[in-house]
Each structure stands twice: as structure tokens, then as C-alpha cells.
>>> print(open('my_file-v4.txt').read())   # compact mmCIF, C-alpha atoms
# COMPACT_ATOMS: atom_id res chain seq x y z
CA MET A 1188 95.22 107.96 80.89
CA ASN A 1189 93.90 104.48 81.59
CA PRO A 1190 90.13 104.93 82.04
CA ASP A 1191 90.14 102.14 84.64
CA LEU A 1192 91.84 104.61 87.00
CA ASP A 1193 88.46 106.29 87.38
CA ALA A 1194 87.08 103.08 88.91
CA LEU A 1195 89.50 103.23 91.87
CA LYS A 1196 87.90 104.15 95.20
CA PRO A 1197 89.51 106.66 97.58
CA TYR A 1198 92.00 104.96 99.86
CA PRO A 1199 90.69 104.51 103.44
CA PHE A 1200 93.20 106.97 104.86
CA GLU A 1201 92.15 109.62 102.33
CA LYS A 1202 88.56 109.23 103.51
CA LEU A 1203 89.72 109.37 107.14
CA ALA A 1204 91.56 112.65 106.52
CA THR A 1205 88.38 114.12 105.02
CA LEU A 1206 86.32 112.88 107.97
CA LYS A 1207 88.67 114.55 110.47
CA ALA A 1208 89.04 117.78 108.50
CA GLY A 1209 88.05 120.83 110.52
CA VAL A 1210 88.16 118.99 113.85
CA THR A 1211 90.43 120.48 116.52
CA PRO A 1212 91.39 117.88 119.14
CA PRO A 1213 92.50 118.82 122.68
CA ALA A 1214 95.92 120.47 122.48
CA GLN A 1215 96.96 119.07 125.86
CA LEU A 1216 96.63 115.49 124.61
CA GLY A 1217 99.26 114.11 122.26
CA HIS A 1218 98.00 112.38 119.15
CA ILE A 1219 97.91 108.56 119.27
CA PRO A 1220 97.17 106.96 115.88
CA LEU A 1221 95.75 103.44 115.84
CA THR A 1222 95.02 103.58 112.12
CA ILE A 1223 97.76 102.32 109.82
CA GLY A 1224 99.24 98.84 110.20
CA GLU A 1225 102.83 100.06 110.38
CA PRO A 1226 104.79 98.32 113.15
CA GLN A 1227 106.41 100.74 115.60
CA HIS A 1228 108.53 98.15 117.43
CA ALA A 1229 112.27 98.42 116.90
CA PRO A 1230 113.40 96.81 113.62
CA PHE A 1231 115.59 93.72 113.84
CA ALA A 1232 119.11 95.02 114.48
CA GLY A 1233 120.73 92.17 112.55
CA ALA A 1234 119.10 93.43 109.35
CA LEU A 1235 120.50 96.92 109.84
CA ALA A 1236 124.01 95.58 110.43
CA THR A 1237 123.84 93.47 107.27
CA LEU A 1238 122.60 96.42 105.24
CA HIS A 1239 125.62 98.42 106.37
CA ALA A 1240 128.01 95.58 105.60
CA HIS A 1241 126.70 95.28 102.03
CA GLN A 1242 126.18 98.96 101.21
CA LEU A 1243 128.68 98.90 98.32
CA ASP A 1244 126.40 96.42 96.55
CA PHE A 1245 124.10 99.34 95.75
CA ALA A 1246 126.49 99.85 92.83
CA ARG A 1247 125.29 96.62 91.16
CA TYR A 1248 122.11 95.77 89.29
CA PRO A 1249 120.11 92.97 90.95
CA ALA A 1250 118.47 90.10 89.08
CA THR A 1251 114.69 89.67 89.09
CA ALA A 1252 114.95 86.16 90.54
CA GLY A 1253 117.10 87.32 93.45
CA ILE A 1254 120.36 85.71 94.52
CA PRO A 1255 120.34 81.94 95.17
CA GLU A 1256 121.23 82.47 98.84
CA LEU A 1257 118.06 84.49 99.41
CA ARG A 1258 115.80 82.01 97.65
CA GLY A 1259 117.46 79.24 99.65
CA ALA A 1260 116.92 81.05 102.96
CA ILE A 1261 113.27 81.69 102.10
CA ALA A 1262 112.66 78.07 101.07
CA ALA A 1263 114.34 76.78 104.23
CA TRP A 1264 112.23 79.07 106.42
CA ALA A 1265 108.99 78.08 104.70
CA ARG A 1266 109.82 74.37 104.97
CA ARG A 1267 110.46 74.74 108.72
CA ARG A 1268 107.52 76.97 109.45
CA PHE A 1269 104.87 75.13 107.42
CA ARG A 1270 106.25 71.58 107.64
CA LEU A 1271 106.76 71.23 103.91
CA ASP A 1272 108.52 68.18 102.49
CA GLY A 1273 110.00 70.36 99.81
CA LEU A 1274 109.96 73.82 98.26
CA ASP A 1275 112.25 74.27 95.27
CA PRO A 1276 114.11 77.59 95.65
CA GLU A 1277 114.82 77.67 91.91
CA ARG A 1278 111.29 77.15 90.60
CA GLN A 1279 108.84 77.70 93.46
CA VAL A 1280 110.17 80.84 95.19
CA LEU A 1281 110.41 84.43 93.97
CA PRO A 1282 111.62 87.36 96.14
CA VAL A 1283 109.49 90.51 95.88
CA ASN A 1284 109.46 94.06 97.21
CA GLY A 1285 106.84 93.43 99.87
CA THR A 1286 103.41 91.84 99.51
CA ARG A 1287 101.61 94.99 98.40
CA GLU A 1288 103.69 95.39 95.25
CA ALA A 1289 103.62 91.67 94.50
CA ILE A 1290 99.85 91.27 94.96
CA PHE A 1291 99.15 94.18 92.65
CA ALA A 1292 101.61 92.97 90.02
CA PHE A 1293 100.42 89.36 90.14
CA VAL A 1294 96.85 90.31 89.27
CA GLN A 1295 98.08 92.30 86.27
CA ALA A 1296 100.07 89.29 85.09
CA ALA A 1297 97.50 86.59 85.82
CA LEU A 1298 94.09 87.94 84.87
CA ASP A 1299 92.78 86.92 81.45
CA ARG A 1300 90.40 89.69 80.41
CA SER A 1301 89.41 87.87 77.19
CA ARG A 1302 86.89 85.91 79.27
CA PRO A 1303 84.83 86.59 82.43
CA ALA A 1304 87.36 87.77 84.98
CA ARG A 1305 86.04 87.80 88.50
CA VAL A 1306 88.43 88.11 91.43
CA ALA A 1307 86.91 86.96 94.71
CA VAL A 1308 88.03 89.02 97.72
CA PRO A 1309 87.12 88.98 101.40
CA ASN A 1310 84.93 91.91 102.47
CA PRO A 1311 86.15 93.96 104.36
CA PHE A 1312 89.57 93.74 102.80
CA TYR A 1313 92.99 95.15 102.01
CA GLN A 1314 92.36 97.78 99.33
CA ILE A 1315 95.03 96.48 96.95
CA TYR A 1316 92.99 93.37 96.09
CA GLU A 1317 90.24 95.54 94.64
CA GLY A 1318 92.46 98.16 93.03
CA ALA A 1319 94.62 95.57 91.30
CA THR A 1320 91.52 93.83 89.97
CA LEU A 1321 89.96 96.98 88.57
CA LEU A 1322 93.17 98.10 86.86
CA ALA A 1323 93.60 94.65 85.31
CA GLY A 1324 90.11 94.89 83.78
CA GLY A 1325 88.55 92.43 86.23
CA GLN A 1326 85.42 92.47 88.37
CA PRO A 1327 85.72 92.18 92.17
CA HIS A 1328 83.37 89.68 93.77
CA TYR A 1329 82.97 90.51 97.45
CA LEU A 1330 82.79 87.70 100.02
CA ASP A 1331 81.31 89.15 103.19
CA CYS A 1332 83.06 88.33 106.47
CA ARG A 1333 80.53 88.54 109.28
CA ALA A 1334 80.35 87.53 112.91
CA GLU A 1335 78.03 84.60 112.20
CA SER A 1336 80.68 83.00 109.96
CA GLY A 1337 83.57 83.67 112.35
CA PHE A 1338 84.56 86.75 110.33
CA ARG A 1339 85.57 84.50 107.43
CA PRO A 1340 83.78 84.26 104.07
CA ASP A 1341 80.91 81.83 103.72
CA PHE A 1342 82.26 79.99 100.70
CA ASP A 1343 79.30 77.59 100.66
CA ALA A 1344 77.04 80.52 99.79
CA VAL A 1345 78.88 81.18 96.50
CA PRO A 1346 76.97 79.57 93.62
CA ALA A 1347 78.67 77.43 90.98
CA GLU A 1348 77.97 79.98 88.24
CA VAL A 1349 80.10 82.51 90.15
CA TRP A 1350 82.95 80.07 90.75
CA ARG A 1351 83.01 79.37 87.00
CA GLU A 1352 83.89 83.03 86.37
CA VAL A 1353 86.39 83.42 89.23
CA GLN A 1354 89.99 83.48 88.02
CA ILE A 1355 91.65 84.41 91.33
CA LEU A 1356 90.48 83.91 94.90
CA PHE A 1357 92.22 86.12 97.46
CA LEU A 1358 92.50 84.89 101.01
CA CYS A 1359 93.93 86.88 103.90
CA SER A 1360 94.89 84.71 106.86
CA PRO A 1361 95.36 85.89 109.53
CA GLY A 1362 92.80 88.41 108.42
CA ASN A 1363 93.02 92.15 108.08
CA PRO A 1364 91.05 93.67 109.80
CA THR A 1365 89.46 90.85 111.79
CA GLY A 1366 92.40 88.68 112.91
CA ALA A 1367 90.48 85.55 111.88
CA VAL A 1368 92.52 82.51 110.83
CA THR A 1369 91.62 80.12 108.00
CA PRO A 1370 91.67 76.50 109.26
CA ARG A 1371 93.64 73.93 107.31
CA ALA A 1372 90.47 72.04 106.41
CA GLU A 1373 89.01 75.17 104.84
CA PHE A 1374 92.18 75.71 102.80
CA GLN A 1375 91.84 72.14 101.54
CA LYS A 1376 88.17 72.61 100.70
CA LEU A 1377 89.11 75.66 98.62
CA ILE A 1378 91.91 73.76 96.89
CA ALA A 1379 89.30 71.21 95.78
CA LEU A 1380 87.10 74.04 94.51
CA ALA A 1381 90.05 75.51 92.60
CA ASP A 1382 90.59 72.13 90.95
CA GLU A 1383 86.91 71.88 90.03
CA PHE A 1384 86.55 75.39 88.62
CA ASP A 1385 90.15 76.10 87.56
CA PHE A 1386 91.02 79.25 89.49
CA ILE A 1387 94.13 80.44 91.35
CA ILE A 1388 94.22 80.75 95.14
CA ALA A 1389 96.35 83.71 96.24
CA SER A 1390 96.86 83.59 100.00
CA ASP A 1391 98.08 86.79 101.66
CA GLU A 1392 99.84 85.53 104.80
CA CYS A 1393 101.80 88.62 105.83
CA TYR A 1394 100.46 88.43 109.42
CA SER A 1395 101.21 84.72 109.83
CA GLU A 1396 103.97 85.23 112.40
CA LEU A 1397 101.97 87.42 114.79
CA TYR A 1398 99.89 84.91 116.72
CA LEU A 1399 98.77 84.89 120.32
CA ASP A 1400 99.13 81.19 121.19
CA GLU A 1401 102.81 80.27 120.82
CA ASP A 1402 101.89 76.60 120.50
CA THR A 1403 99.35 77.16 117.70
CA PRO A 1404 100.81 79.01 114.72
CA PRO A 1405 98.29 79.72 111.96
CA PRO A 1406 98.31 77.17 109.14
CA GLY A 1407 99.17 78.26 105.62
CA LEU A 1408 97.98 77.39 102.15
CA LEU A 1409 101.16 75.52 101.19
CA GLU A 1410 100.96 73.57 104.44
CA ALA A 1411 97.44 72.51 103.49
CA CYS A 1412 98.70 71.46 100.05
CA ALA A 1413 101.54 69.43 101.56
CA ALA A 1414 99.15 67.62 103.90
CA MET A 1415 97.24 66.53 100.78
CA GLY A 1416 100.44 65.31 99.10
CA ARG A 1417 100.31 68.19 96.59
CA HIS A 1418 103.97 69.16 96.59
CA ASP A 1419 103.62 70.94 93.24
CA TYR A 1420 101.23 73.39 95.01
CA ARG A 1421 99.09 73.39 91.89
CA ARG A 1422 97.02 76.59 91.47
CA CYS A 1423 98.29 77.93 94.81
CA LEU A 1424 100.49 80.91 95.69
CA VAL A 1425 101.34 82.46 99.04
CA PHE A 1426 102.58 85.98 99.75
CA HIS A 1427 104.82 86.65 102.76
CA SER A 1428 106.62 89.71 104.06
CA LEU A 1429 109.18 90.83 106.63
CA SER A 1430 107.22 94.01 107.40
CA LYS A 1431 105.10 92.67 110.26
CA ARG A 1432 107.18 89.64 111.22
CA SER A 1433 110.36 91.64 111.82
CA ASN A 1434 109.19 95.27 112.09
CA LEU A 1435 110.81 96.14 108.77
CA PRO A 1436 108.08 97.73 106.62
CA GLY A 1437 110.62 100.06 105.01
CA LEU A 1438 112.78 97.17 103.84
CA ARG A 1439 110.05 96.27 101.33
CA SER A 1440 111.03 92.63 101.35
CA GLY A 1441 108.92 89.54 100.93
CA PHE A 1442 108.38 86.55 98.69
CA VAL A 1443 105.86 84.68 96.57
CA ALA A 1444 105.97 80.88 96.64
CA GLY A 1445 104.00 77.96 95.29
CA ASP A 1446 103.05 76.60 91.89
CA ALA A 1447 106.09 76.77 89.58
CA GLU A 1448 103.76 77.04 86.57
CA LEU A 1449 102.52 80.35 88.00
CA ILE A 1450 105.89 81.56 89.29
CA ALA A 1451 107.58 81.28 85.87
CA PRO A 1452 105.30 83.65 83.91
CA PHE A 1453 105.09 85.99 86.89
CA LYS A 1454 108.90 86.17 86.92
CA ARG A 1455 108.83 86.99 83.20
CA TYR A 1456 106.33 89.78 83.86
CA ARG A 1457 108.52 91.15 86.65
CA THR A 1458 111.56 91.22 84.40
CA TYR A 1459 109.75 93.79 82.27
CA HIS A 1460 108.22 95.44 85.32
CA GLY A 1461 111.73 96.29 86.59
CA CYS A 1462 111.12 95.62 90.28
CA ALA A 1463 114.13 93.54 91.34
CA MET A 1464 115.14 93.85 95.00
CA SER A 1465 118.46 95.64 95.56
CA LEU A 1466 121.36 93.46 96.67
CA PRO A 1467 121.90 95.02 100.12
CA LEU A 1468 118.21 94.43 100.88
CA GLN A 1469 118.52 90.85 99.70
CA HIS A 1470 121.46 90.19 102.03
CA ALA A 1471 119.61 91.83 104.92
CA SER A 1472 116.59 89.65 104.16
CA ILE A 1473 118.73 86.50 104.37
CA THR A 1474 119.80 87.54 107.87
CA VAL A 1475 116.21 88.13 108.92
CA TRP A 1476 114.70 84.92 107.51
CA ASN A 1477 117.43 82.95 109.30
CA ASP A 1478 116.61 84.36 112.77
CA GLU A 1479 113.57 83.42 114.86
CA ALA A 1480 114.56 84.78 118.28
CA HIS A 1481 113.57 88.35 117.41
CA VAL A 1482 110.24 87.11 116.00
CA ARG A 1483 109.37 85.32 119.24
CA ALA A 1484 110.24 88.47 121.20
CA ASN A 1485 107.99 90.45 118.87
CA ARG A 1486 105.07 88.10 119.52
CA ASP A 1487 105.64 88.42 123.26
CA ALA A 1488 105.37 92.21 122.98
CA TYR A 1489 102.09 91.96 121.08
CA ARG A 1490 100.67 89.46 123.56
CA GLU A 1491 101.40 91.87 126.40
CA LYS A 1492 99.63 94.68 124.53
CA PHE A 1493 96.60 92.57 123.61
CA ALA A 1494 96.20 91.47 127.22
CA ALA A 1495 96.44 95.02 128.54
CA VAL A 1496 94.13 96.54 125.94
CA THR A 1497 91.57 93.76 126.25
CA GLU A 1498 91.37 94.30 130.02
CA ILE A 1499 90.68 98.01 129.45
CA LEU A 1500 88.26 97.81 126.52
CA ALA A 1501 86.33 94.56 127.02
CA PRO A 1502 83.95 96.14 129.56
CA VAL A 1503 82.87 98.83 127.07
CA LEU A 1504 83.35 97.34 123.59
CA GLU A 1505 82.40 94.04 121.95
CA PHE A 1506 85.07 92.52 119.75
CA PRO A 1507 86.13 89.05 118.61
CA ALA A 1508 89.19 87.64 120.33
CA PRO A 1509 91.76 87.66 117.52
CA GLU A 1510 93.82 84.55 116.94
CA ALA A 1511 96.56 86.50 115.18
CA SER A 1512 97.58 89.83 113.54
CA PHE A 1513 97.84 93.09 115.51
CA TYR A 1514 94.28 94.36 115.03
CA LEU A 1515 91.15 94.60 117.11
CA TRP A 1516 87.79 94.77 115.31
CA PRO A 1517 85.25 96.14 117.81
CA ALA A 1518 81.64 97.11 117.24
CA VAL A 1519 80.98 100.72 118.23
CA PRO A 1520 78.18 101.76 120.58
CA GLY A 1521 75.35 103.18 118.51
CA GLY A 1522 76.59 101.55 115.29
CA ASP A 1523 77.84 104.68 113.49
CA ASP A 1524 81.54 104.04 112.90
CA GLU A 1525 82.18 107.39 111.17
CA ALA A 1526 80.54 109.46 113.93
CA PHE A 1527 82.36 107.45 116.60
CA THR A 1528 85.71 107.99 114.86
CA ARG A 1529 85.25 111.73 114.41
CA GLU A 1530 83.95 112.31 117.94
CA LEU A 1531 86.73 110.20 119.49
CA PHE A 1532 89.34 112.25 117.64
CA ALA A 1533 87.69 115.49 118.74
CA ALA A 1534 87.47 114.44 122.38
CA GLU A 1535 90.61 112.36 122.97
CA HIS A 1536 93.03 112.96 120.04
CA VAL A 1537 93.02 109.26 119.20
CA SER A 1538 92.67 108.19 115.55
CA VAL A 1539 90.99 104.91 114.55
CA LEU A 1540 89.78 103.64 111.17
CA PRO A 1541 86.05 103.31 110.46
CA GLY A 1542 85.30 99.74 109.46
CA SER A 1543 83.04 100.85 106.64
CA TYR A 1544 86.09 102.33 104.89
CA MET A 1545 87.54 98.83 104.55
CA GLY A 1546 84.39 97.20 103.21
CA ARG A 1547 82.02 97.58 100.30
CA PRO A 1548 78.23 97.62 100.42
CA THR A 1549 76.78 94.65 98.57
CA THR A 1550 73.33 93.38 97.79
CA GLY A 1551 74.08 89.93 99.17
CA ASP A 1552 75.14 88.52 95.82
CA GLY A 1553 78.78 89.55 96.07
CA MET A 1554 78.46 92.46 93.67
CA GLY A 1555 79.41 95.93 94.85
CA ARG A 1556 76.99 98.83 94.70
CA ALA A 1557 78.25 101.90 92.87
CA ASP A 1558 75.62 104.04 94.60
CA GLY A 1559 77.05 103.14 98.02
CA ARG A 1560 73.81 101.53 99.15
CA GLY A 1561 73.48 98.00 100.43
CA ASP A 1562 74.87 96.18 103.41
CA ASN A 1563 78.52 96.94 104.23
CA PRO A 1564 79.93 94.22 106.55
CA GLY A 1565 82.49 96.69 107.92
CA ALA A 1566 79.89 99.24 108.98
CA GLY A 1567 79.44 99.73 112.69
CA ARG A 1568 82.96 98.63 113.55
CA ILE A 1569 86.38 100.25 113.83
CA ARG A 1570 89.84 98.87 113.26
CA LEU A 1571 92.40 99.39 116.00
CA ALA A 1572 96.02 98.75 114.96
CA LEU A 1573 97.98 97.96 118.12
CA VAL A 1574 101.30 98.77 116.51
CA ALA A 1575 102.79 101.34 118.90
CA GLU A 1576 104.83 100.43 121.96
CA LEU A 1577 102.99 99.31 125.10
CA GLU A 1578 102.70 102.65 126.92
CA PRO A 1579 101.04 104.74 124.18
CA THR A 1580 98.81 101.82 123.20
CA VAL A 1581 97.54 101.44 126.76
CA GLU A 1582 97.11 105.22 126.99
CA ALA A 1583 95.02 105.18 123.82
CA ALA A 1584 92.86 102.33 125.13
CA GLY A 1585 92.26 104.28 128.33
CA ARG A 1586 91.20 107.35 126.38
CA ILE A 1587 88.80 105.28 124.23
CA ARG A 1588 87.18 103.82 127.34
CA ARG A 1589 86.89 107.27 128.93
CA PHE A 1590 85.26 108.59 125.76
CA ILE A 1591 82.73 105.75 125.65
CA GLU A 1592 81.82 106.07 129.31
CA ARG A 1593 81.29 109.82 128.97
CA ARG A 1594 79.30 109.34 125.76
CA ALA A 1595 76.96 106.74 127.27
>>> encode(input="my_file-v4.txt", output="C-alpha cells")
Amino acid sequence: MNPDLDALKPYPFEKLATLKAGVTPPAQLGHIPLTIGEPQHAPFAGALATLHAHQLDFARYPATAGIPELRGAIAAWARRRFRLDGLDPERQVLPVNGTREAIFAFVQAALDRSRPARVAVPNPFYQIYEGATLLAGGQPHYLDCRAESGFRPDFDAVPAEVWREVQILFLCSPGNPTGAVTPRAEFQKLIALADEFDFIIASDECYSELYLDEDTPPPGLLEACAAMGRHDYRRCLVFHSLSKRSNLPGLRSGFVAGDAELIAPFKRYRTYHGCAMSLPLQHASITVWNDEAHVRANRDAYREKFAAVTEILAPVLEFPAPEASFYLWPAVPGGDDEAFTRELFAAEHVSVLPGSYMGRPTTGDGMGRADGRGDNPGAGRIRLALVAELEPTVEAAGRIRRFIERRA
């Protein structure tokens, strides 16, 4: 087997299961999980109807590039949403089976292990960035996201000798787990750095449509390029998905868009990879990308939940006000996120994710510590995924507050 498999860390939910093992929560309280970012709102009905209408297309092989109608719908949506002057559906768009699969595959295709191969990732982070890097023979470089930098990386603290070895920079905006949004000016600063040091910017924007201020949608990397007149999106790729936007995580539908010089070899890789999206899913995706009414209704539902949960938890927990996503990132009283998580589950049958499970301890130089020592920027916090419907989410918030007040 590939020896790089031994470098993979346990997935956060594996560690959570171990942490909760042997704990018996109160039987009279139903379990409310706030752990995994899996939307529980009703999926867009139009997608389900289209799937049914095209079910006989399961009898046909799909093409890696997807059908022209899907690429056209994606390009049209991206042009509207991010105010792009152009996005060529033939050369600058590639449908994928969700962002997780595409992010992992892109690193395998893009990383050149014949030279220093650092991949810069936010810390804490989505585990796939690290796993994909390790299995491609690269070295993760962790960019800590702390309160003093607005829970975004401090890119100014990265020395030039590190940038020279970076081949891919991963961004996540809006951020998981913090909800922080990258400003357009910061995107543009990073584009200039990518030009100077010749690396790829891979922007994971799968939470871009879940924002709290309807008049202020989060900017995107391609939008920042367009504002600079860079309509070739040189060195830039974005990853988008229907999972969060339209409550369709099981559809496994998304896209990669940007630099045609990166899309072309990635498409060639995917042809061998054998991961083309089935035709019924492509037709359903067209329906979804063409509809915004259900997305606005989805945002309204999240706003209602954030308002209700914030009113309950703000008196007992400190957390940044998220600009977008469906997460809260509170600091726990006492600072021990694992103990808090285990005791909360034991007392109230509510599951949360320790923040330390999403981060890596570093020594301040961006390098991870194999011995687990060092400063983990996720430690002392928990991630709350407000993905359930309003009633159970509010019930969970009430139980968390009760637990904290009894524990004080």
C-alpha cells in the first residue's frame, strides 16, 4: 500500500467517536448533533423533479466535461453572482462531483513533487486539504487563523522563503469553522503574491451563498480577478457546490472554474480518474443553478436560527459574529474543548465538535508537530453546525446554556 497513507491523521469524527465512547447520555433527552456540516433543510424540490424526469439517462455514460447545457448554466450563474465580464463555459468551467472530491483530485493532479511542494492551508481547516497534500507527496504549511487576525491567516507573517516553496494556497471563504470572509482586497493581495512566487490559489467557496446580510454577499476569488481586469483568471481556481447552497449534499454536484491553463490538464486527469457526473444529476444541477428563490429562502431560515441561537448563547459563550456559513465558533469556559464536549454529551445528549480536532499544533513557523505539542489555534473552542431545523437547533442551544450555567 502507499506508505503516505500512514501519514493521514484520524478524521475529526473518528476522534469524536472515541472521545464519547463509554459515555451514557440521559435516555429521556433525544440526541441533537451539531457536529457534521450536513444541511438538514428540505432539498430543492425542483432538483428532485428533474432527476425523476431524466432517470432513463442513467443508461448512458456521461462525459468528463459534462454536457454543454450544464457548463453554460454554471457560467451564467457565476457571471451573475460575481459580476464577471466573462467566463468561458468551454475552457474555464468543469463540473465535478462536489468540492470534496474535486479538491482532493486537484492536488493529486497539480502538485509537482520533483521540487519543494508546500501546500499552504488555513489552520484550523477542512481535513481534505491536508489529506490530499500528504497523499500527493506534499508538505502542509499551516496558516493559523486566530482572533487577533479576524480568524483569517496572517499572510504578512509568511516569509518569502516559504512562499518560494508553496505550490498551492488553499483559501476557504466563508471559512469553515470560523465563518470569516476574505475581503476582495485580500484576494487581490494574494493574487499579486501568486504572480510573484508562481503558485496556484485554490479558493474553496462552498459556503458562499449562506450569508447573513442579504445586501452584502461574500466576494469571490474570480470576482477579485475580474476587478483587476484579469479575465483569464491566471493561477486562480474556485470550487463551488450545491450541497450547502441548495441542501443537496447527496447530489454530489459542484464545479471548478478559473484559469483555462489549469482546467485543461485537470480535465485530462479526471478522464483517467473516471469521475464524470451522471446525466440525471447534471440535468438536476442545471435546474438548481438556474433558481435563486429557494436559495434566498434558505438564507432566511439560517438567519432566523442564528438570531435565535445567538440570543440564547451570547450571555454564556464568547464567539465571533459570523458573516457567513452555518457555523458558530465559540470559546469554551475553562478552555478544555475535549472535556467540554464529553461532559456536554453526558449531561445533555448534545454533540459538538472540539475545535482542536480541526486544527494542528504548530511551533509558530507553519510546520506541524508530529508529537502533538505546540499551539493549536483550534484548541479551547468548539464548532457548532446549525444545520438542523429551527426547533431542534434552539433546543440544543438551550441545553448548552443550561449545561454551562450548571457547570459554572
>>> residues_near_point(input="my_file-v4.txt", point="(90.7, 98.4, 94.0)", cutoff="7 Å", atoms="all atoms listed in the file", output="compact mmCIF listing (two decimals) with C-alpha atoms, keeping the file's coordinate frame")
# COMPACT_ATOMS: atom_id res chain seq x y z
CA LEU A 1195 89.50 103.23 91.87
CA LYS A 1196 87.90 104.15 95.20
CA GLN A 1314 92.36 97.78 99.33
CA ILE A 1315 95.03 96.48 96.95
CA TYR A 1316 92.99 93.37 96.09
CA GLU A 1317 90.24 95.54 94.64
CA GLY A 1318 92.46 98.16 93.03
CA ALA A 1319 94.62 95.57 91.30
CA THR A 1320 91.52 93.83 89.97
CA LEU A 1321 89.96 96.98 88.57
>>> residues_around(input="my_file-v4.txt", residues="Ala1214 in chain A", least_positions_apart="2", cutoff="12 Å", atoms="all atoms listed in the file", output="PyMOL selection string")
chain A and resi 1210-1212+1216-1218+1532-1536
>>> closest_residue(input="my_file-v4.txt", among="A:Met1545, A:Ala1526, A:Ala1252, A:Ala1511", to="Asp1331 in chain A", atoms="only C-alpha atoms")
A:Met1545
>>> atom_distance(input="my_file-v4.txt", atom1="CA of Pro1340 in chain A", atom2="CA of Asn1310 in chain A")
7.9 Å
>>> residues_near_point(input="my_file-v4.txt", point="(87.7, 91.1, 123.0)", cutoff="12 Å", atoms="all atoms listed in the file", output="ChimeraX atom specification")
/A:1365-1366,1493-1510,1514-1518,1571
>>> atom_distance(input="my_file-v4.txt", atom1="CA of Leu1257 in chain A", atom2="CA of Ala1451 in chain A")
17.4 Å
>>> residues_around(input="my_file-v4.txt", residues="range 1369-1378 of chain A", least_positions_apart="2", cutoff="8 Å", atoms="only C-alpha atoms", output="list of chain:residue names")
A:Arg1339, A:Ser1360, A:Pro1361, A:Ala1367, A:Leu1380, A:Ala1381, A:Asp1382, A:Ile1388, A:Pro1405, A:Pro1406, A:Gly1407, A:Leu1408, A:Glu1410, A:Ala1411, A:Cys1412, A:Met1415, A:Arg1422, A:Cys1423
>>> atom_distance(input="my_file-v4.txt", atom1="CA of Lys1431 in chain A", atom2="CA of Tyr1394 in chain A")
6.3 Å
>>> closest_residue(input="my_file-v4.txt", among="A:Leu1274, A:Leu1298, A:Leu1243, A:Val1306", to="Leu1468 in chain A", atoms="all atoms listed in the file")
A:Leu1243
>>> residues_around(input="my_file-v4.txt", residues="Phe1426 in chain A", least_positions_apart="3", cutoff="10 Å", atoms="all atoms listed in the file", output="ChimeraX atom specification")
/A:1281-1283,1285-1287,1289-1290,1359,1389-1393,1441-1445
>>> closest_residue(input="my_file-v4.txt", among="A:Phe1245, A:Tyr1544, A:Phe1384, A:Trp1476", to="Asp1524 in chain A", atoms="all atoms listed in the file")
A:Tyr1544
>>> residues_around(input="my_file-v4.txt", residues="range 1341-1352 of chain A", least_positions_apart="4", cutoff="7 Å", atoms="all atoms listed in the file", output="ChimeraX atom specification")
/A:1303-1305,1336,1384
>>> closest_residue(input="my_file-v4.txt", among="A:Gly1585, A:Gly1259, A:Gly1273, A:Pro1520", to="Asp1419 in chain A", atoms="all atoms listed in the file")
A:Gly1273
>>> closest_residue(input="my_file-v4.txt", among="A:His1427, A:Arg1455, A:Arg1270, A:Arg1432", to="Ala1484 in chain A", atoms="only C-alpha atoms")
A:Arg1432
>>> closest_residue(input="my_file-v4.txt", among="A:Tyr1198, A:Phe1527, A:Tyr1398, A:Tyr1329", to="Gly1362 in chain A", atoms="only C-alpha atoms")
A:Tyr1398
